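Below is one structure, written out as structure tokens, with a few remarks after it.
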Amino acid sequence: MCDLPLETRSHGVLSRSAGSAHADLGEALRRAQILSVDEAHNFLNPKSARTRMLLRNMADHTVLFTATPINKSVVDLLRLADMLGADNLDDSTLVMFENLLRRRIPGALSSGELDVLRREIQRFTVRRTKAQLNAMVDKAPSSYLDDNGRQCRFPEHRSQVYSLSESEADRRIAAEIRQQAGQLSGISLIRNTVEMPDALIREGWTEEKYLNARLLSAKRLATYLVMAALRSSKAALLEHLVGTDAAVEESELGAWTKQQVTGNRIGRLEELAGHAPGSTLKVDVPAWLIDDAEHGQAAGEEQARYQKILELCRSLSTERETTKAQTLLNLLAEHQQIVAFDSRPITLAYIAKILRPKLGIPNVILATGDNAAGKRGVRTALALGSTRKGVVALCSDAMSEGINLQQASAIVHLDMPSVVRVAEQRVGRVDRMDSPHEAIEAWWPEDANEFALRTDERFIERYETVDSLLGSNMPLPEELTNAPRVIHAKELIEEYDEAKVSWDGLQDAFAPVRALVDGNESLIPHETYEHYRNVRARVNARVSVVGAVRPWAFFCVAGTKLGAPHWVFVESEQEQPVTKLSEIAEALRYRLDSTTKNLLFDDRAAARLERMLEQLVETERTLLPRKKQRALEEMEAVLNDYVDMAYQERRQDVAERLRRIRGVFGNTSPAMGIDWNTIAEKWLDLVRPVWYARLLDRRRRKPLRLRDIRDDLIGEKRLDFDVVAQTFEKIRSLPALDERVICCILGLES
């Protein structure tokens, strides 16, 4: 996918990249039917101008492009719901959001609630793998050319492994560090009152089970933090133990600094000692949780363990860091530009210290989250078309998204990316569709067993971000009780290359539809689909009749000038039509196979089709996006009050005009095509100022819905009655619904 500037297209699609700007931004956002937001997690700050501008949209459909759709905090979830539009979500999901936002404990989602959230977000998710995009290029090569006529496609991805060749002495020290880390209690990670989260109560957890899991989580997390730092570098572990400033001085990094100092676990224990977090649990708990004196003693014992780890850390050599730097130097013999990633900025600074005397300061660019000059330098040196040679860009994961560095032909993981998402983001900087290289290389570190990633540590990374876990009352899952094993680079490479798992649990919203015409289990041969997809002859309507156990019908309803077409599935006269694409695709797949018989369109089929169409007319409003359905419900409710108000104020003329407009909601005549889409859109336009004012209310603690502004609309922010009447009197009717059905599959008892 290319990053496009903001533009409004004839079919009402708006693309908004994080850094783009346009003079007509406000109007484009207001009128957009489909809103797509690149790097959507950059729009979570409600105080920023770009977020406020984005929130003005009332698009029918919203697509958020982001590597992290489910974020760390409750407030982030609220922002996400606002961007999607709360009225686009199911009622059950909205209830879940509201319950979540009322809780004091961040991240308190049960596994069931997370599944609901994923399913809802999936409806807004468009996802394509590089293999899928290259397959699309293969099918239509002439459609994917750059300005110079060069074929655009993702380069071949070659995964490689480099050994760190740790000495026997360092391996023994690493084993001792792991042993000491395994004895940590995690007391410094339990800072808040321990209380049973509502999410776990609903799942049937007992307080005893929760307490054991919470204590185990703190212990495993404390171990993980030590070993993750150790895998990065000696300097990173020093930073974790004694803080950034002390680690910089001890590692002789000179003037290198970062804006936000981190780590210093030993110092934090000194500050926390004697301040028991407390507990609301009714079961017996460790004394240090509720007694300040006991807490002070336990903190002292924990500090002694960290001191032992510090002594071991100081006895380590820096051979691993030197080997990583030498790997980068060796790769420069084959690659003109290299990107290297590590999650710890202090590790990057240390490797830069090794490389700069050998390559020269300008050719070693350090780019971290708080280094603006480094960011600019990397963007320039590794941008497409750059002729710089012998450049090594040392990047933190803050640089692993939103930038293109495709002139580089190799990416090196200096630390092990424990989840596919991190590897995808890092490699994605050079693995671009317009890469000038036919192949790119990704190098993964093979740590010795004593340093290597374990399954339990990886599980922590995959479960939730560590920052979110710190201070949280949610325990890690019980899977952590399993005996950990070493994970080697080859295993992670295979998972990345073969995409064995989906890191976020999300799939593409249109995948079930594409599967009907593509892949090994398609219902329609690909050649047939391609033939009819390119036919330009006009067909008013096409009806196919097939045998079925019970009557059903699939309709494709043509779109209007500004409205998208609709799919709808009807199974019986008693049931509501199905309008979700995934459910329709599943219904068609279940009913159409190689044994399905074609039937003639006769009088019996015509009669059944007419009844199905009558049912469809009665529920035509369900074809609209959920937000527009709710807009119509609110419009009808508010109009009821407006009509009464107008009569009470003796404004007979305007009261009658409003009453006639309200009357359309009771009309179910199949001969009259009501443009519900335009009516809903006009209502959303009218209420937008009131809605937006409420959206920016800082006291709001739940996703904003259209019904939440009803009192405002019938109160002090009442709309002008004449404006309302004039707005809806101008809307033209549509052809009857049966005239807008362009194709149908009708299932009849055979």
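Following the order of the structure tokens, first chain is A, next is B, and so on, with residues numbered from 1 inside each chain and ligands from 1 in the order they appear.
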
Set the distance at 10 Å and use only C-alpha atoms: which residues neighbour A:Gly428 once local chain neighbours fewer than 4 positions away are removed? I'd like the list as a list of chain:residue names.
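The residues that qualify are A:Lys130, A:Ser400, A:Glu401, A:Gly402, A:Ile403, A:Asn404, A:Leu405, A:Gln406, A:Ile411, A:Val422, A:Ala423, A:Glu424, A:Arg432, A:Met433.
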
Restricting it to N, CA and C atoms, dump the selection as a short mmCIF file (atom, residue, chain, number, x, y, z; two decimals), in the first residue's frame.
data_model
loop_
_atom_site.label_atom_id
_atom_site.label_comp_id
_atom_site.auth_asym_id
_atom_site.auth_seq_id
_atom_site.Cartn_x
_atom_site.Cartn_y
_atom_site.Cartn_z
N LYS A 130 2.25 -9.55 2.39
CA LYS A 130 3.10 -9.24 1.25
C LYS A 130 2.92 -10.28 0.15
N SER A 400 10.46 1.85 14.07
CA SER A 400 10.06 0.65 13.34
C SER A 400 8.71 0.77 12.67
N GLU A 401 8.14 1.97 12.62
CA GLU A 401 6.86 2.15 11.96
C GLU A 401 6.79 3.54 11.37
N GLY A 402 6.02 3.66 10.29
CA GLY A 402 5.72 4.97 9.73
C GLY A 402 6.82 5.61 8.91
N ILE A 403 7.94 4.93 8.66
CA ILE A 403 9.01 5.50 7.85
C ILE A 403 9.46 4.49 6.80
N ASN A 404 9.93 5.00 5.67
CA ASN A 404 10.42 4.16 4.59
C ASN A 404 11.93 4.30 4.49
N LEU A 405 12.63 3.19 4.60
CA LEU A 405 14.09 3.17 4.51
C LEU A 405 14.52 2.16 3.45
N GLN A 406 13.79 2.12 2.34
CA GLN A 406 13.93 1.03 1.40
C GLN A 406 15.20 1.06 0.56
N ILE A 411 18.40 -5.74 7.12
CA ILE A 411 17.98 -5.32 8.46
C ILE A 411 18.50 -6.35 9.43
N VAL A 422 6.72 -7.38 16.14
CA VAL A 422 7.94 -6.57 16.18
C VAL A 422 8.80 -6.84 14.95
N ALA A 423 8.95 -8.12 14.60
CA ALA A 423 9.73 -8.46 13.41
C ALA A 423 9.11 -7.86 12.15
N GLU A 424 7.79 -7.92 12.04
CA GLU A 424 7.10 -7.34 10.89
C GLU A 424 7.36 -5.85 10.78
N ARG A 432 9.71 -2.94 1.20
CA ARG A 432 8.66 -2.09 0.64
C ARG A 432 8.37 -2.50 -0.80
N MET A 433 7.16 -2.16 -1.23
CA MET A 433 6.75 -2.56 -2.57
C MET A 433 7.55 -1.85 -3.66
#

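Once stretch 296-312 of chain A and its same-chain neighbours fewer than 6 positions away are set aside, Ile177, Ile266, Ala273 and Gly274 of chain A remain within 6 Å of it when counting only C-alpha atoms.
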
Selected residues written out with N, CA and C atoms, as a compact mmCIF listing (two decimals), in the first residue's frame:
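Saved file result_28.txt follows:
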# COMPACT_ATOMS: atom_id res chain seq x y z
N ILE A 177 23.02 -15.33 36.56
CA ILE A 177 22.06 -14.22 36.57
C ILE A 177 20.64 -14.75 36.45
N ILE A 266 16.90 -1.11 41.73
CA ILE A 266 17.41 -1.11 43.11
C ILE A 266 16.98 0.16 43.82
N ALA A 273 10.17 0.64 49.80
CA ALA A 273 10.28 -0.16 51.02
C ALA A 273 9.48 0.46 52.16
N GLY A 274 8.70 -0.38 52.83
CA GLY A 274 7.90 0.08 53.96
C GLY A 274 6.56 0.67 53.59

I'd like the contact shell of stretch 183-189 of chain A - 6 Å cut-off, only C-alpha atoms, skipping same-chain residues fewer than 2 positions apart - returned as a list in words.
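Using only C-alpha atoms, the neighbours found are Gln180, Ala181, Arg191, Ala218, Lys219 and Ala222 of chain A.
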
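Using only C-alpha atoms, the contacts of A:Val248 at a cut-off of 8 Å, with sequence neighbours closer than 6 positions omitted, comprise Ala235, Glu239, Gly254, Trp256, Thr257 and Ile346 of chain A.
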
For the atom pair atom CA of A:Arg662 and atom CA of A:Asp644, what is the interatomic distance in Å to one decimal place?
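These atoms are spaced 11.8 Å apart.
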
I'd like the contact shell of A:Ala448 - 8 Å cut-off, only C-alpha atoms, skipping same-chain residues fewer than 2 positions apart - returned as a CSV table (one decimal) with C-alpha atoms, in the first residue's frame.
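Writing done, so here's result_0.csv:
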chain,number,residue,atom,x,y,z
A,164,LEU,CA,27.1,-14.3,19.0
A,165,SER,CA,29.8,-16.9,20.0
A,166,GLU,CA,29.6,-16.1,23.7
A,171,ARG,CA,27.7,-18.1,29.6
A,446,GLU,CA,21.4,-16.9,17.7
A,450,GLU,CA,22.1,-19.2,28.8
A,451,PHE,CA,21.1,-15.9,27.2
A,452,ALA,CA,18.3,-17.2,24.9

Residue contacts of A:Arg608 (9 Å, only C-alpha atoms) excluding same-chain residues fewer than 6 positions away, as a VMD selection string
chain A and resid 551 746 748

So that I can check the surroundings of A:Arg710, please list as an MDAnalysis selection string every protein, DNA and RNA residue that reaches within 12 Å of it, counting only C-alpha atoms and ignoring chain neighbours fewer than 5 positions away.
chainID A and resid 630:631 633:642 687 690:691 694 704:705 715:719

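Distance-wise, atom CA of A:Arg514 and atom CA of A:Gln629 end up 26.8 Å apart.
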
With distances taken over only C-alpha atoms, which residue among A:Ile487, A:Leu706, A:Val741, A:Ile493 lies nearest A:Gly85?
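Nearest candidate to A:Gly85 out of A:Ile487, A:Leu706, A:Val741, A:Ile493: A:Leu706.
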
When DSSP works through the backbone of this structure, what residues of stretch 91-266 of chain A end up as helix (DSSP H, G or I), shown as a VMD selection string?
chain A and resid 91 to 102 111 to 122 130 to 139 141 to 143 168 to 181 187 to 189 198 to 202 207 to 232 234 to 242 244 to 250 265 to 266
